file model_13.cif (mmCIF, C-alpha atoms and all ligand atoms)
data_run
#
loop_
_atom_site.label_atom_id
_atom_site.label_comp_id
_atom_site.auth_asym_id
_atom_site.auth_seq_id
_atom_site.Cartn_x
_atom_site.Cartn_y
_atom_site.Cartn_z
CA MET Q 5 -20.99 -157.87 6.94
CA LYS Q 6 -22.19 -159.67 3.85
CA ILE Q 7 -25.89 -160.15 4.37
CA ALA Q 8 -28.42 -162.00 2.25
CA VAL Q 9 -31.97 -160.68 2.49
CA VAL Q 10 -34.60 -162.98 1.00
CA GLY Q 11 -37.96 -161.47 0.01
CA MET Q 12 -37.93 -157.91 -1.33
CA GLY Q 13 -41.40 -156.81 -0.26
CA TYR Q 14 -42.35 -154.11 2.24
CA VAL Q 15 -40.19 -155.54 5.04
CA GLY Q 16 -37.28 -157.00 3.05
CA SER Q 17 -36.59 -153.98 0.87
CA VAL Q 18 -36.53 -151.59 3.83
CA THR Q 19 -34.45 -153.98 5.97
CA ALA Q 20 -31.96 -154.38 3.11
CA ALA Q 21 -31.84 -150.62 2.50
CA VAL Q 22 -31.23 -149.67 6.13
CA LEU Q 23 -28.60 -152.39 6.60
CA ALA Q 24 -26.84 -151.17 3.43
CA GLU Q 25 -26.95 -147.61 4.72
CA ALA Q 26 -25.25 -148.89 7.90
CA GLY Q 27 -22.32 -150.07 5.76
CA ASN Q 28 -23.15 -153.73 5.03
CA SER Q 29 -23.04 -155.46 1.62
CA ILE Q 30 -26.44 -156.80 0.69
CA TYR Q 31 -27.29 -159.74 -1.52
CA ALA Q 32 -31.01 -159.27 -2.10
CA VAL Q 33 -33.13 -162.11 -3.46
CA ASP Q 34 -36.72 -162.30 -4.64
CA ILE Q 35 -38.49 -164.83 -6.83
CA ASP Q 36 -40.31 -162.00 -8.61
CA PRO Q 37 -38.15 -160.89 -11.58
CA MET Q 38 -40.09 -157.63 -11.98
CA LYS Q 39 -39.29 -156.56 -8.43
CA ILE Q 40 -35.63 -157.42 -8.87
CA GLU Q 41 -35.33 -155.59 -12.22
CA SER Q 42 -36.91 -152.52 -10.77
CA LEU Q 43 -34.71 -152.59 -7.65
CA LYS Q 44 -31.62 -152.94 -9.85
CA ASN Q 45 -32.63 -149.58 -11.33
CA GLY Q 46 -32.98 -148.15 -7.82
CA LYS Q 47 -36.79 -148.02 -8.12
CA PRO Q 48 -38.83 -150.05 -5.65
CA LEU Q 49 -42.24 -151.13 -6.92
CA ILE Q 50 -43.79 -150.20 -3.59
CA HIS Q 51 -44.37 -146.76 -2.14
CA GLU Q 52 -42.44 -146.34 1.10
CA PRO Q 53 -41.22 -142.82 1.96
CA GLY Q 54 -37.41 -142.52 1.90
CA LEU Q 55 -36.76 -146.02 0.50
CA GLU Q 56 -35.83 -144.98 -3.03
CA GLU Q 57 -33.38 -142.38 -1.75
CA ILE Q 58 -31.49 -144.96 0.35
CA LEU Q 59 -31.40 -147.44 -2.54
CA GLN Q 60 -29.96 -144.77 -4.84
CA ALA Q 61 -27.43 -143.48 -2.30
CA ASN Q 62 -26.08 -146.97 -1.51
CA LYS Q 63 -26.24 -148.54 -4.98
CA GLU Q 64 -22.76 -150.03 -4.82
CA ARG Q 65 -23.59 -152.01 -1.67
CA PHE Q 66 -26.38 -154.02 -3.34
CA THR Q 67 -26.58 -157.06 -5.55
CA PHE Q 68 -30.15 -157.86 -6.56
CA SER Q 69 -30.95 -161.30 -7.93
CA THR Q 70 -33.64 -163.91 -8.46
CA SER Q 71 -31.03 -166.59 -7.75
CA TYR Q 72 -30.08 -167.90 -4.32
CA GLU Q 73 -26.56 -168.68 -5.58
CA GLY Q 74 -24.94 -165.51 -4.17
CA ILE Q 75 -25.97 -166.52 -0.64
CA ARG Q 76 -22.85 -168.69 -0.73
CA GLY Q 77 -20.73 -165.57 -0.15
CA CYS Q 78 -22.82 -164.25 2.78
CA ASP Q 79 -22.34 -164.49 6.54
CA ILE Q 80 -25.98 -164.37 7.46
CA CYS Q 81 -29.34 -164.79 5.70
CA ILE Q 82 -32.44 -162.82 6.72
CA LEU Q 83 -35.83 -164.16 5.64
CA CYS Q 84 -38.52 -161.57 4.89
CA VAL Q 85 -40.88 -163.79 2.91
CA PRO Q 86 -44.67 -163.77 3.36
CA THR Q 87 -46.54 -165.70 6.05
CA PRO Q 88 -50.17 -165.43 4.93
CA ASN Q 89 -53.09 -167.26 6.45
CA SER Q 90 -54.62 -170.30 4.92
CA SER Q 91 -57.98 -171.36 6.41
CA GLY Q 92 -57.26 -169.41 9.59
CA ARG Q 93 -53.84 -171.00 10.10
CA ILE Q 94 -50.40 -169.62 9.24
CA GLU Q 95 -48.99 -170.72 5.87
CA LEU Q 96 -45.31 -171.57 6.30
CA LYS Q 97 -44.48 -172.80 2.83
CA TYR Q 98 -42.58 -169.64 1.79
CA VAL Q 99 -40.47 -169.65 4.97
CA LEU Q 100 -39.68 -173.37 4.72
CA GLU Q 101 -38.87 -173.18 1.01
CA ALA Q 102 -36.60 -170.14 1.40
CA ALA Q 103 -34.86 -171.61 4.45
CA LYS Q 104 -34.21 -174.92 2.69
CA ARG Q 105 -32.85 -173.25 -0.43
CA ALA Q 106 -30.55 -170.98 1.59
CA GLY Q 107 -29.30 -173.99 3.60
CA GLU Q 108 -28.62 -175.99 0.44
CA ILE Q 109 -26.55 -173.17 -1.04
CA LYS Q 110 -24.64 -172.50 2.16
CA PRO Q 111 -24.86 -175.21 4.81
CA GLY Q 112 -24.05 -173.70 8.18
CA ILE Q 113 -25.22 -170.17 7.38
CA THR Q 114 -26.98 -168.39 10.27
CA LEU Q 115 -30.63 -167.96 9.33
CA VAL Q 116 -32.58 -165.04 10.72
CA ILE Q 117 -36.38 -165.15 10.54
CA LYS Q 118 -37.77 -161.65 10.27
CA SER Q 119 -41.09 -162.82 8.82
CA THR Q 120 -43.86 -163.01 11.41
CA VAL Q 121 -44.07 -166.65 12.52
CA LEU Q 122 -45.78 -168.47 15.37
CA PRO Q 123 -43.93 -170.01 18.33
CA GLY Q 124 -42.31 -173.28 17.32
CA THR Q 125 -41.51 -172.17 13.78
CA ALA Q 126 -37.82 -171.41 14.35
CA SER Q 127 -37.29 -174.78 15.99
CA ARG Q 128 -39.14 -176.52 13.12
CA VAL Q 129 -37.00 -174.67 10.54
CA ALA Q 130 -33.84 -175.52 12.50
CA SER Q 131 -34.71 -179.20 12.61
CA GLU Q 132 -35.65 -179.33 8.90
CA THR Q 133 -32.59 -177.42 7.67
CA LYS Q 134 -29.97 -178.18 10.35
CA LEU Q 135 -29.22 -174.44 10.42
CA THR Q 136 -28.85 -172.17 13.44
CA VAL Q 137 -32.03 -170.12 13.42
CA VAL Q 138 -32.40 -166.73 15.07
CA SER Q 139 -35.81 -165.09 15.46
CA ASN Q 140 -35.72 -161.34 14.88
CA PRO Q 141 -39.31 -160.21 14.36
CA GLU Q 142 -40.04 -156.95 12.60
CA PHE Q 143 -42.22 -154.30 14.26
CA THR Q 144 -42.10 -151.65 11.56
CA SER Q 145 -45.18 -149.82 10.32
CA GLU Q 146 -45.77 -149.29 6.62
CA GLY Q 147 -45.59 -145.63 5.65
CA ARG Q 148 -42.89 -144.95 8.21
CA ALA Q 149 -40.89 -148.14 7.82
CA VAL Q 150 -37.58 -146.45 7.00
CA ASN Q 151 -37.63 -144.42 10.18
CA ASP Q 152 -38.92 -147.38 12.22
CA THR Q 153 -36.10 -149.59 10.93
CA ARG Q 154 -33.45 -146.96 11.55
CA HIS Q 155 -34.79 -146.25 15.04
CA PRO Q 156 -36.81 -149.22 16.30
CA ASN Q 157 -38.44 -149.00 19.74
CA ARG Q 158 -36.75 -152.29 20.54
CA ILE Q 159 -34.95 -155.15 18.91
CA VAL Q 160 -36.11 -158.61 19.88
CA ILE Q 161 -33.76 -161.50 19.26
CA GLY Q 162 -34.57 -165.13 20.00
CA SER Q 163 -32.10 -167.97 19.81
CA GLY Q 164 -30.75 -170.94 21.70
CA ASP Q 165 -27.29 -170.04 20.40
CA SER Q 166 -25.82 -167.07 22.23
CA GLY Q 167 -23.12 -166.48 19.58
CA ALA Q 168 -25.70 -166.29 16.79
CA ALA Q 169 -27.94 -164.03 18.92
CA GLN Q 170 -25.01 -161.71 19.56
CA MET Q 171 -24.17 -161.60 15.85
CA VAL Q 172 -27.71 -160.37 15.10
CA ALA Q 173 -27.57 -157.91 18.01
CA ASP Q 174 -24.31 -156.52 16.56
CA LEU Q 175 -25.95 -156.13 13.17
CA TRP Q 176 -28.47 -153.68 14.63
CA LYS Q 177 -26.08 -151.99 17.06
CA PHE Q 178 -26.05 -148.80 14.94
CA THR Q 179 -29.69 -148.17 15.88
CA ALA Q 180 -28.75 -147.80 19.57
CA SER Q 181 -32.19 -149.27 20.40
CA PRO Q 182 -32.89 -151.45 23.45
CA VAL Q 183 -32.21 -155.12 22.71
CA LEU Q 184 -34.03 -158.05 24.29
CA ILE Q 185 -32.30 -161.38 23.82
CA THR Q 186 -34.44 -164.38 24.67
CA ASN Q 187 -35.35 -167.79 23.29
CA ASN Q 188 -37.05 -168.32 19.92
CA ALA Q 189 -40.52 -169.03 21.31
CA ASN Q 190 -40.63 -165.82 23.36
CA ALA Q 191 -39.38 -163.73 20.45
CA GLU Q 192 -41.99 -165.25 18.14
CA LEU Q 193 -44.81 -164.70 20.62
CA ILE Q 194 -43.74 -161.11 21.41
CA LYS Q 195 -44.55 -160.21 17.81
CA TYR Q 196 -48.06 -161.72 17.86
CA ALA Q 197 -48.84 -160.40 21.33
CA SER Q 198 -47.75 -156.90 20.26
CA ASN Q 199 -49.84 -156.85 17.09
CA SER Q 200 -52.85 -158.33 18.87
CA PHE Q 201 -52.56 -155.75 21.64
CA LEU Q 202 -52.42 -152.86 19.17
CA ALA Q 203 -55.39 -154.28 17.24
CA THR Q 204 -57.27 -154.54 20.55
CA LYS Q 205 -56.47 -150.92 21.37
CA ILE Q 206 -57.96 -149.82 18.06
CA SER Q 207 -61.08 -151.91 18.55
CA PHE Q 208 -61.44 -150.66 22.11
CA ILE Q 209 -61.58 -147.02 21.04
CA ASN Q 210 -63.92 -147.97 18.19
CA GLU Q 211 -66.40 -149.41 20.69
CA ILE Q 212 -66.12 -146.23 22.76
CA ALA Q 213 -66.79 -144.36 19.49
CA ASN Q 214 -70.03 -146.33 19.04
CA LEU Q 215 -71.07 -145.28 22.51
CA CYS Q 216 -70.15 -141.63 21.90
CA GLU Q 217 -72.48 -141.55 18.91
CA LYS Q 218 -75.38 -142.11 21.35
CA ILE Q 219 -74.36 -139.60 24.06
CA PRO Q 220 -75.39 -135.99 23.49
CA GLY Q 221 -72.26 -133.82 23.25
CA ALA Q 222 -69.82 -136.74 23.16
CA ASP Q 223 -66.86 -136.87 20.80
CA VAL Q 224 -64.51 -139.85 20.76
CA SER Q 225 -61.57 -137.79 19.54
CA VAL Q 226 -61.72 -135.70 22.73
CA VAL Q 227 -62.23 -138.80 24.88
CA ALA Q 228 -59.21 -140.50 23.23
CA LYS Q 229 -57.10 -137.38 23.69
CA GLY Q 230 -57.94 -137.28 27.38
CA MET Q 231 -57.15 -140.97 27.75
CA GLY Q 232 -53.93 -140.73 25.77
CA TYR Q 233 -52.36 -138.17 28.11
CA ASP Q 234 -52.17 -140.98 30.65
CA ARG Q 235 -48.76 -142.51 30.03
CA ARG Q 236 -50.07 -145.88 31.11
CA ILE Q 237 -52.45 -145.74 28.15
CA GLY Q 238 -50.69 -143.62 25.53
CA SER Q 239 -52.28 -141.90 22.55
CA GLU Q 240 -51.00 -144.11 19.71
CA PHE Q 241 -53.44 -146.57 18.14
CA LEU Q 242 -56.22 -144.86 20.05
CA ARG Q 243 -57.91 -143.26 17.05
CA ALA Q 244 -61.43 -144.24 16.23
CA GLY Q 245 -62.20 -144.92 12.60
CA LEU Q 246 -62.94 -147.49 9.97
CA GLY Q 247 -60.88 -150.09 11.82
CA TYR Q 248 -57.57 -151.77 11.15
CA GLY Q 249 -56.63 -153.40 7.86
CA GLY Q 250 -53.37 -154.11 6.09
CA SER Q 251 -51.24 -157.17 5.73
CA CYS Q 252 -50.48 -157.68 9.43
CA PHE Q 253 -53.13 -157.09 12.11
CA PRO Q 254 -55.97 -159.04 10.45
CA LYS Q 255 -53.83 -162.06 9.60
CA ASP Q 256 -51.78 -162.05 12.80
CA THR Q 257 -54.77 -161.82 15.16
CA GLN Q 258 -56.46 -164.62 13.25
CA ALA Q 259 -53.32 -166.79 13.22
CA LEU Q 260 -52.83 -166.31 16.96
CA ILE Q 261 -56.41 -167.27 17.72
CA GLY Q 262 -56.08 -170.41 15.55
CA PHE Q 263 -52.76 -171.29 17.17
CA ALA Q 264 -54.22 -170.87 20.68
CA SER Q 265 -57.27 -172.89 19.79
CA ASP Q 266 -55.06 -175.76 18.62
CA MET Q 267 -53.75 -175.77 22.19
CA ASN Q 268 -57.22 -175.58 23.72
CA GLU Q 269 -56.83 -171.97 24.72
CA ARG Q 270 -59.32 -169.28 23.90
CA LEU Q 271 -58.11 -165.69 23.34
CA SER Q 272 -61.44 -164.03 23.94
CA VAL Q 273 -60.04 -160.47 24.10
CA VAL Q 274 -58.40 -160.85 20.69
CA GLU Q 275 -61.55 -162.50 19.33
CA ALA Q 276 -63.57 -159.51 20.53
CA ALA Q 277 -61.11 -157.12 18.88
CA MET Q 278 -61.62 -158.96 15.58
CA THR Q 279 -65.41 -158.95 15.93
CA VAL Q 280 -65.50 -155.21 16.61
CA ASN Q 281 -63.16 -154.59 13.70
CA SER Q 282 -65.23 -156.58 11.26
CA ALA Q 283 -68.27 -154.40 12.00
CA ARG Q 284 -66.59 -151.07 11.23
CA GLU Q 285 -67.48 -150.81 7.54
CA GLN Q 286 -71.15 -151.45 8.33
CA ARG Q 287 -71.02 -148.74 10.98
CA VAL Q 288 -69.65 -146.22 8.48
CA LEU Q 289 -72.10 -147.40 5.85
CA ASP Q 290 -74.92 -146.68 8.33
CA LEU Q 291 -73.51 -143.18 8.91
CA CYS Q 292 -73.53 -142.59 5.13
CA LYS Q 293 -77.05 -143.92 4.89
CA SER Q 294 -78.38 -141.68 7.61
CA ALA Q 295 -76.56 -138.69 6.08
CA LEU Q 296 -78.41 -139.36 2.80
CA GLY Q 297 -81.81 -139.69 4.43
CA GLY Q 298 -81.81 -143.47 4.92
CA ASN Q 299 -81.27 -144.59 1.32
CA LEU Q 300 -78.02 -145.03 -0.57
CA ASP Q 301 -79.59 -146.19 -3.83
CA GLY Q 302 -78.39 -143.89 -6.61
CA GLY Q 303 -76.45 -141.74 -4.13
CA LYS Q 304 -73.36 -140.10 -5.61
CA ILE Q 305 -70.57 -140.90 -3.19
CA CYS Q 306 -66.88 -140.10 -3.36
CA VAL Q 307 -64.53 -142.28 -1.30
CA LEU Q 308 -61.16 -140.72 -0.52
CA GLY Q 309 -58.26 -143.06 0.11
CA LEU Q 310 -57.95 -146.69 -0.97
CA SER Q 311 -54.90 -148.04 0.83
CA PHE Q 312 -55.30 -149.41 4.35
CA LYS Q 313 -53.53 -146.36 5.79
CA ASN Q 314 -51.84 -143.21 4.56
CA ASP Q 315 -48.32 -143.05 3.12
CA THR Q 316 -48.55 -146.52 1.62
CA ASP Q 317 -49.93 -148.04 -1.56
CA ASP Q 318 -50.70 -151.31 0.20
CA LEU Q 319 -54.26 -152.42 -0.53
CA ARG Q 320 -54.12 -155.68 1.40
CA GLU Q 321 -57.18 -155.98 3.68
CA SER Q 322 -58.05 -152.37 2.96
CA LYS Q 323 -61.18 -151.27 4.81
CA SER Q 324 -61.79 -148.67 2.15
CA LEU Q 325 -62.21 -151.34 -0.55
CA THR Q 326 -64.74 -153.28 1.54
CA LEU Q 327 -66.63 -150.08 2.27
CA ILE Q 328 -66.79 -149.30 -1.46
CA SER Q 329 -68.25 -152.70 -2.30
CA LYS Q 330 -70.78 -152.38 0.52
CA LEU Q 331 -71.83 -148.93 -0.73
CA GLU Q 332 -72.15 -150.28 -4.25
CA GLY Q 333 -74.14 -153.21 -2.89
CA GLU Q 334 -76.68 -150.65 -1.61
CA GLY Q 335 -76.92 -149.11 -5.08
CA ALA Q 336 -74.66 -146.10 -4.52
CA GLN Q 337 -72.65 -144.68 -7.44
CA VAL Q 338 -69.16 -144.61 -6.00
CA ARG Q 339 -66.12 -142.78 -7.29
CA SER Q 340 -62.76 -143.05 -5.59
CA PHE Q 341 -59.46 -141.20 -5.35
CA ASP Q 342 -56.14 -142.04 -3.76
CA PRO Q 343 -53.01 -139.86 -3.72
CA ILE Q 344 -50.75 -142.82 -4.57
CA VAL Q 345 -52.77 -145.80 -5.74
CA LYS Q 346 -53.50 -145.15 -9.40
CA GLY Q 347 -55.24 -147.10 -12.12
CA ASN Q 348 -56.34 -149.84 -9.76
CA SER Q 349 -59.21 -152.16 -10.42
CA GLN Q 350 -61.82 -149.79 -9.01
CA LYS Q 351 -64.32 -149.02 -11.77
CA ASN Q 352 -64.68 -145.31 -11.16
CA HIS Q 353 -61.28 -144.29 -9.99
CA CYS Q 354 -60.46 -140.61 -10.49
CA ASP Q 355 -57.05 -139.10 -11.18
CA THR Q 356 -57.65 -136.03 -9.07
CA LEU Q 357 -59.43 -135.33 -5.84
CA LYS Q 358 -61.26 -132.42 -7.48
CA GLU Q 359 -62.71 -134.66 -10.19
CA CYS Q 360 -63.74 -137.24 -7.56
CA VAL Q 361 -65.46 -134.75 -5.30
CA SER Q 362 -67.22 -132.73 -7.99
CA GLY Q 363 -70.88 -133.67 -8.38
CA SER Q 364 -70.85 -135.88 -5.27
CA GLU Q 365 -73.51 -135.59 -2.60
CA LEU Q 366 -71.38 -137.27 0.00
CA VAL Q 367 -67.65 -137.60 0.57
CA VAL Q 368 -66.24 -140.37 2.78
CA ILE Q 369 -62.72 -139.98 4.16
CA ALA Q 370 -61.62 -143.60 4.29
CA THR Q 371 -57.84 -143.18 4.71
CA GLU Q 372 -56.18 -140.62 6.96
CA TRP Q 373 -54.17 -138.71 4.32
CA PRO Q 374 -53.42 -135.29 5.88
CA GLU Q 375 -53.84 -133.60 2.48
CA PHE Q 376 -57.58 -134.39 2.50
CA LYS Q 377 -57.91 -131.88 5.33
CA GLU Q 378 -57.09 -128.88 3.15
CA SER Q 379 -58.89 -130.03 0.04
CA LEU Q 380 -62.48 -130.19 1.22
CA THR Q 381 -63.22 -126.70 2.47
CA ASP Q 382 -65.09 -125.82 -0.77
CA PHE Q 383 -67.26 -128.94 -0.73
CA HIS Q 384 -70.82 -128.23 0.37
CA GLY Q 385 -72.27 -131.75 0.52
CA THR Q 386 -71.95 -133.96 3.59
CA ILE Q 387 -68.57 -135.27 4.65
CA VAL Q 388 -68.45 -138.58 6.53
CA ASP Q 389 -65.12 -138.52 8.30
CA ALA Q 390 -64.39 -142.19 8.88
CA ARG Q 391 -60.89 -141.40 10.14
CA ARG Q 392 -61.61 -138.31 12.22
CA ILE Q 393 -59.02 -136.08 10.54
CA LEU Q 394 -61.16 -132.95 9.97
CA ASP Q 395 -62.13 -130.26 12.36
CA PRO Q 396 -65.94 -130.68 12.36
CA GLY Q 397 -66.38 -126.90 12.22
CA SER Q 398 -64.22 -126.48 9.11
CA VAL Q 399 -66.77 -127.89 6.63
CA THR Q 400 -70.44 -127.28 5.86
CA LYS Q 401 -72.04 -130.60 6.79
CA TYR Q 402 -70.03 -133.00 8.91
CA ARG Q 403 -70.62 -136.50 10.26
CA GLY Q 404 -67.78 -138.26 12.03
CA VAL Q 405 -67.41 -141.68 13.61
CA GLY Q 406 -67.70 -141.37 17.36
CA LEU Q 407 -69.38 -137.96 17.24
CA TYR Q 408 -72.89 -137.43 18.55
CA SER Q 409 -75.03 -135.91 15.85
CA GLY Q 410 -78.50 -135.89 17.37
N1 LIG S 1 -45.72 -155.29 5.82
C1 LIG S 1 -45.46 -154.95 7.09
O1 LIG S 1 -45.68 -153.81 7.51
C2 LIG S 1 -44.87 -155.96 8.04
C3 LIG S 1 -44.43 -155.52 9.30
C4 LIG S 1 -43.86 -156.44 10.17
C5 LIG S 1 -43.76 -157.78 9.81
N2 LIG S 1 -44.21 -158.18 8.59
C6 LIG S 1 -44.05 -159.59 8.22
O2 LIG S 1 -42.94 -159.69 7.33
C7 LIG S 1 -43.17 -160.72 6.35
C8 LIG S 1 -43.09 -160.12 4.95
O3 LIG S 1 -44.11 -159.17 4.82
P1 LIG S 1 -44.16 -158.15 3.59
O4 LIG S 1 -45.30 -157.23 3.85
O5 LIG S 1 -42.81 -157.60 3.34
O6 LIG S 1 -44.55 -159.17 2.43
P2 LIG S 1 -44.54 -158.88 0.87
O7 LIG S 1 -45.56 -159.76 0.29
O8 LIG S 1 -44.58 -157.41 0.61
O9 LIG S 1 -43.09 -159.38 0.41
C9 LIG S 1 -42.68 -160.68 0.44
C10 LIG S 1 -41.72 -160.93 -0.74
O10 LIG S 1 -41.19 -162.25 -0.65
C11 LIG S 1 -41.06 -162.75 -1.97
N3 LIG S 1 -40.95 -164.22 -1.89
C12 LIG S 1 -41.92 -165.14 -1.65
N4 LIG S 1 -41.38 -166.38 -1.61
C13 LIG S 1 -40.06 -166.23 -1.81
C14 LIG S 1 -38.96 -167.14 -1.88
N5 LIG S 1 -39.13 -168.45 -1.69
N6 LIG S 1 -37.75 -166.63 -2.13
C15 LIG S 1 -37.55 -165.32 -2.31
N7 LIG S 1 -38.53 -164.40 -2.25
C16 LIG S 1 -39.77 -164.87 -2.02
C17 LIG S 1 -42.28 -162.25 -2.69
O11 LIG S 1 -42.11 -162.24 -4.08
C18 LIG S 1 -42.40 -160.83 -2.10
O12 LIG S 1 -41.70 -159.88 -2.88
C19 LIG S 1 -44.52 -161.33 6.71
O13 LIG S 1 -44.33 -162.41 7.57
C20 LIG S 1 -45.22 -160.20 7.46
O14 LIG S 1 -46.20 -160.67 8.35
C21 LIG S 1 -44.76 -157.31 7.69
#
call {"tool": "encode", "arguments": {"input": "model_13.cif", "output": "structure tokens"}}
result
Amino acid sequence: MKIAVVGMGYVGSVTAAVLAEAGNSIYAVDIDPMKIESLKNGKPLIHEPGLEEILQANKERFTFSTSYEGIRGCDICILCVPTPNSSGRIELKYVLEAAKRAGEIKPGITLVIKSTVLPGTASRVASETKLTVVSNPEFTSEGRAVNDTRHPNRIVIGSGDSGAAQMVADLWKFTASPVLITNNANAELIKYASNSFLATKISFINEIANLCEKIPGADVSVVAKGMGYDRRIGSEFLRAGLGYGGSCFPKDTQALIGFASDMNERLSVVEAAMTVNSAREQRVLDLCKSALGGNLDGGKICVLGLSFKNDTDDLRESKSLTLISKLEGEGAQVRSFDPIVKGNSQKNHCDTLKECVSGSELVVIATEWPEFKESLTDFHGTIVDARRILDPGSVTKYRGVGLYSG
């Protein structure tokens, strides 16, 4: 098929790459000329494992452009533009603008909304553009997006037009994943309910972690392991730590709560998940404080990991960045290191982990990069493991979230 993909960010570039790999021709559009130039050279501006290789291997299947004009020659147009929050409500201007422009270039084109949008959006877009609109939310995780897109757990398709829904189902047939075809509203809500559930799971185990810190002998990582063996619970997203960040969970939980409240419904479980999450940095800050004898002023602290999770360079809603400003607010001298994020706006960002750690009294593991595990065995200060990746016995002085320490 000839497919237009609009928005070449984390979702759009991976969607385009995997659809090209499956044999389709891709017309890829973004309003950012730098992104497009870089993609033309086979180099994405984002870090996503495996993405560059697919772009290089399928070069001839792509046309990258800042112009919508080439959409005229496409059968289908997939929107992957941002849907940020604005005052606690979803901002739809990018979706509406992209949909209108695509419809003006090719009236009658089937529009697929892959961006995360609230129930009612597809029908609003359909009525404003007179296009057939299919909802096809994306469930991929940054850092493993290529694999997730090649082998999704499920494909959700929402449409009132069974022919259009089938066309989108056929597009993803190569994945051999289970397909759920439903109406637009269900498809849209499945995405928010899924993200809110996963965020709740993280906050749940973080509250259990708080409790573990008060119970002699308790360790949340063992408790989570024991819970996770139960297939009804599952072990994923059951890791205690600094909480969830990134471009999706914080904004999607907030948007869902705002949406519900506009309909006089209160999502108190999701609200609680957000409240617990917003207290995580303070919790880790308190661990650091107690490790340094109750005072952070002048403390030499090294923070490892800046992105919101490992295997990505995405700093949006990064818990690590908020922790750093809180530590600095208490007078600590903070240095930071990240395996991928370089030369960012952090004042004391180090190029190597060794440089960052040397001379520090305290190291905080803020992102779960596996390589941090091997690199800290020679460090003799205290390690605050805010992601629970180390074996507590493998280092000299260890403090971990969710671990009783007397
Ligand atoms: N990042 C994720 O892991 C993830 C996962 C699932 C769903 N989503 C959802 O997918 C959507 C996109 O997320 P993202 O992280 O890829 O965003 P992003 O910010 O990385 O990328 C969006 C891209 O769209 C471009 N853009 C904005 N307006 C445009 C327009 N009118 N025409 C063409 N291009 C335009 C921007 O320049 C940017 O490159 C959001 O709704 C998000 O909630 C994201």
call {"tool": "atom_distance", "arguments": {"input": "model_13.cif", "atom1": "CA of Ile50 in chain Q", "atom2": "atom N5 of ligand LIG 1 (chain S)"}}
result
18.9 Å
call {"tool": "residues_near_ligand", "arguments": {"input": "model_13.cif", "ligand": "ligand LIG 1 (chain S)", "cutoff": "6 Å", "atoms": "all atoms listed in the file", "output": "ChimeraX atom specification"}}
result
/Q:10-16,33-36,84-87,98,101-102,119-120,142-146,251-252
call {"tool": "closest_residue", "arguments": {"input": "model_13.cif", "among": "Q:Thr133, Q:Thr125, Q:Ser409, Q:Thr70", "to": "Arg105 in chain Q", "atoms": "all atoms listed in the file"}}
result
Q:Thr133
call {"tool": "residues_around", "arguments": {"input": "model_13.cif", "residues": "Lys313 in chain Q", "least_positions_apart": "6", "cutoff": "10 Å", "atoms": "all atoms listed in the file", "output": "list in words"}}
result
Glu146, Gly147, Tyr248, Gly249, Gly250, Leu319, Ser322, Lys323, Ser324, Ala370, Thr371, Glu372, Trp373 and Arg391 of chain Q
call {"tool": "atom_distance", "arguments": {"input": "model_13.cif", "atom1": "CA of Thr386 in chain Q", "atom2": "CA of Ile212 in chain Q"}}
result
23.5 Å
